[in-house]
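S.K.: Have a look at the structure that comes next, please.
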Amino acid sequence: MMNCHSTSVLFLAVLAAIASLTFASSDVKVIVYDGPTKCTNIKGDEKPTKVEPDYIASFHFTVTIDESSSGAQDTIGKKIESSRDKGVAPSFPVGQGKVIAGLDQGLIGLCKGSSAYIIVPPHLGYGRMGKPEQGVMSDTTLRYDVEIVHIQPPVPNDFVKIDSNKDWKISKGEAKRYFEGLGQAINLDSLWKEEDKDGDGYIQWEEFSGPKGNEEPPKKQTQQQQQQPQQTESERINDIATIFQNIDIDKDGKISRAELTDAFKALGQEMTDGFWKESDPDGDGYVLFEEFIGSDKGTERGEDNDFGEDDSDLDTKPEL
């Protein structure tokens with residue numbers, strides 16, 4: 001029988017996995033209307049021509065309300081936002097959730113120099129919450145008119161490869177296992193003397209001198225979130241709403257046990273009775289959206305993560 005916090009952690013893991021399935025949805029339509037339609041990246045090429053996951057894409061965009069939107073017809077064609085108004089093409093790693101899921105998905109596969117329409121349905125756009133201040137409602141379908149200006153290869157991130165327990169600090173145990181896996185001999189004491197600037201026994205993200213990609217530690221992300229707390233909370237609820245809608249196959253606004261079981265099966269997992277009982281606290285046989293949002297509160301309260309790995313003993317005990 002799983003306890004409360006392990007169930008919550010599993011719930012978050014399942015949400016992440018289901019979100020990745022949502023990303024692979026075929027609901028997004030991509031229509032290339034100008035420029036190349038076929039392109040291939042050569043491994044190691046510093047000048048890629050095709051957008052792939054984790055590649056950094058620079059592109060101009062204009063987003064409008066698509067004609068297929070089921071919302072108010074007088075809003076069809078309304079411009080929501082355009083990078084051309086600012087004169088700057090935004091740039092970010094694709095497929096990492098930096099933008100709405102539908103745009104993230106639609107960019108993948110486009111070629112440098114191409115222009116395309118990316119049609120994003122509501123559940124892969126701003127979801128149930130919408131973005132009313134910009135005229136985007138919960139039933140609004142968006143049309144992105146994009147032009148791929150430049151593509152860069154992914155930024156290497158050796159830090160996350162070594163940090164196996166994802167606590168944003170590297171222990172000697174983690175470093176030892178990583179380099180052993182590569183078949184490389186390394187003097188850990190010498191490495192720690194050079195990298196562990198504060199002498200706390202760990203190499204922090206800020207101390208790490210190797211390649212560490214675009215991702216930042218949670219503390220820095222939290223500072224950014226504190227500047228825009230309402231936007232962050234809204235985005236979190238939008239993400240959960242999108243997942244909820246994709247599990248809710250019959251679209252009746254609630255998830256049955258059969259629907260949640262099927263979602264688990266799609267991930268190659270089995271849903272336990274304990275997981276269902278926590279997901280359906282009122283025992284009515286369905287998971288309502290309010291219950292769905294509340295299922296991860298145990299984790300938010302700071303309870304232990306069963307999947308965490310404690311390497312502290314590796315620094316003081318000899319390894320055989």
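Naming scheme: A, B, ... for chains in displayed order of the structure tokens; residues 1 onward per chain; ligands 1 onward as shown.
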With only C-alpha atoms as the counted atoms, please give the residues lying no more than 8 Å from Gly135 in chain A, apart from itself and same-chain residues fewer than 3 positions off, as a list in words.

M.R.: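 Using only C-alpha atoms, the neighbours found are Thr75, Ile80, Lys131 and Pro132 of chain A.
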
S.K.: For those residues, write all heavy atoms to a file as a PDB file, in the first residue's frame.

M.R.:
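Done, and the output landed in out.pdb:
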```pdb
ATOM      1  N   THR A  75     -14.480  37.639 -33.738  1.00  0.00           N
ATOM      2  CA  THR A  75     -13.071  37.705 -33.344  1.00  0.00           C
ATOM      3  C   THR A  75     -12.163  36.972 -34.332  1.00  0.00           C
ATOM      4  O   THR A  75     -10.938  37.037 -34.181  1.00  0.00           O
ATOM      5  CB  THR A  75     -12.872  37.078 -31.948  1.00  0.00           C
ATOM      6  OG1 THR A  75     -13.206  35.680 -31.996  1.00  0.00           O
ATOM      7  CG2 THR A  75     -13.735  37.771 -30.910  1.00  0.00           C
ATOM      8  N   ILE A  80      -3.496  38.668 -32.020  1.00  0.00           N
ATOM      9  CA  ILE A  80      -3.250  38.594 -30.590  1.00  0.00           C
ATOM     10  C   ILE A  80      -1.892  39.202 -30.242  1.00  0.00           C
ATOM     11  O   ILE A  80      -1.764  39.988 -29.314  1.00  0.00           O
ATOM     12  CB  ILE A  80      -3.301  37.141 -30.084  1.00  0.00           C
ATOM     13  CG1 ILE A  80      -4.632  36.472 -30.475  1.00  0.00           C
ATOM     14  CG2 ILE A  80      -3.092  37.078 -28.580  1.00  0.00           C
ATOM     15  CD1 ILE A  80      -5.849  37.164 -29.920  1.00  0.00           C
ATOM     16  N   LYS A 131      -6.934  33.164 -22.157  1.00  0.00           N
ATOM     17  CA  LYS A 131      -6.174  34.380 -21.876  1.00  0.00           C
ATOM     18  C   LYS A 131      -7.091  35.545 -22.219  1.00  0.00           C
ATOM     19  O   LYS A 131      -6.889  36.257 -23.200  1.00  0.00           O
ATOM     20  CB  LYS A 131      -4.890  34.397 -22.709  1.00  0.00           C
ATOM     21  CG  LYS A 131      -3.752  35.149 -22.066  1.00  0.00           C
ATOM     22  CD  LYS A 131      -2.452  34.937 -22.824  1.00  0.00           C
ATOM     23  CE  LYS A 131      -1.311  35.633 -22.097  1.00  0.00           C
ATOM     24  NZ  LYS A 131      -0.031  35.466 -22.826  1.00  0.00           N
ATOM     25  N   PRO A 132      -8.148  35.718 -21.410  1.00  0.00           N
ATOM     26  CA  PRO A 132      -9.210  36.672 -21.722  1.00  0.00           C
ATOM     27  C   PRO A 132      -8.730  38.088 -21.989  1.00  0.00           C
ATOM     28  O   PRO A 132      -9.309  38.803 -22.809  1.00  0.00           O
ATOM     29  CB  PRO A 132     -10.095  36.619 -20.469  1.00  0.00           C
ATOM     30  CG  PRO A 132      -9.810  35.297 -19.854  1.00  0.00           C
ATOM     31  CD  PRO A 132      -8.372  35.024 -20.144  1.00  0.00           C
TER      32      PRO A 132
END
```

S.K.: DSSP on the backbone: what in range 67-126 of chain A comes out strand (DSSP E or B), as number ranges by chain?

M.R.: A: 79-82, 91-93, 111, 115-120

S.K.: Select, from A:Lys169, A:Val32, A:Ile240, A:Leu110, the residue with the minimum atom-to-atom distance to Gly127 in chain A, counting only C-alpha atoms.

M.R.: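 Of A:Lys169, A:Val32, A:Ile240, A:Leu110, the one nearest Gly127 in chain A is A:Ile240, counting only C-alpha atoms.
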
S.K.: Extract, using only C-alpha atoms, all DNA, RNA and protein residues at most 12 Å from Arg177 in chain A, discarding same-chain residues fewer than 3 positions from it, and format them as a PyMOL selection string.

M.R.: chain A and resi 161-164+170-174+180-186+188+311+314+319

S.K.: Could you list, as an mmCIF file with N, CA, C and O atoms, in the first residue's frame, every residue within 8 Å of Met271 in chain A, counting only C-alpha atoms and ignoring same-chain residues fewer than 4 positions away?

M.R.:
```cif
data_model
loop_
_atom_site.group_PDB
_atom_site.id
_atom_site.type_symbol
_atom_site.label_atom_id
_atom_site.label_comp_id
_atom_site.auth_asym_id
_atom_site.auth_seq_id
_atom_site.Cartn_x
_atom_site.Cartn_y
_atom_site.Cartn_z
ATOM 1 N N LEU A 260 -8.811 6.762 -16.526
ATOM 2 C CA LEU A 260 -7.513 6.907 -15.883
ATOM 3 C C LEU A 260 -6.690 5.630 -16.025
ATOM 4 O O LEU A 260 -5.474 5.678 -16.212
ATOM 5 N N THR A 261 -7.367 4.480 -15.954
ATOM 6 C CA THR A 261 -6.683 3.199 -16.155
ATOM 7 C C THR A 261 -6.081 3.133 -17.551
ATOM 8 O O THR A 261 -4.935 2.687 -17.731
ATOM 9 N N PHE A 264 -2.930 5.169 -17.776
ATOM 10 C CA PHE A 264 -1.796 4.443 -17.212
ATOM 11 C C PHE A 264 -1.287 3.383 -18.190
ATOM 12 O O PHE A 264 -0.083 3.217 -18.384
ATOM 13 N N PHE A 275 -3.869 4.558 -5.567
ATOM 14 C CA PHE A 275 -3.782 5.765 -6.382
ATOM 15 C C PHE A 275 -5.176 6.284 -6.710
ATOM 16 O O PHE A 275 -5.451 7.485 -6.640
ATOM 17 N N TRP A 276 -6.081 5.363 -7.056
ATOM 18 C CA TRP A 276 -7.447 5.783 -7.400
ATOM 19 C C TRP A 276 -8.166 6.376 -6.185
ATOM 20 O O TRP A 276 -8.854 7.387 -6.295
#
```

S.K.: Quick check, in Å to one decimal: how far apart do CA of Val63 in chain A and CA of Val149 in chain A lie?

M.R.: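 Going from CA of Val63 in chain A over to CA of Val149 in chain A, I get 16.7 Å.
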
S.K.: For Gly253 in chain A, which residue out of A:Lys43, A:Lys79, A:Lys29, A:Arg128 is the nearest one, using only C-alpha atoms?

M.R.: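 Under the stated criterion, the closest residue is A:Arg128.
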
S.K.: Based on DSSP run over this structure's backbone, return all residues of range 64-283 of chain A in helix (DSSP H, G or I), as a count of residues only.

M.R.: 91

S.K.: For the atom pair CA of Asp45 in chain A and CA of Val99 in chain A, what is the interatomic distance in Å to one decimal place?

M.R.: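 Between CA of Asp45 in chain A and CA of Val99 in chain A the gap works out to 26.0 Å.
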
S.K.: Report the distance between CA of Tyr55 in chain A and CA of Phe179 in chain A in Å, rounded to one decimal place.

M.R.: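 Distance reported for this atom pair: 26.2 Å.
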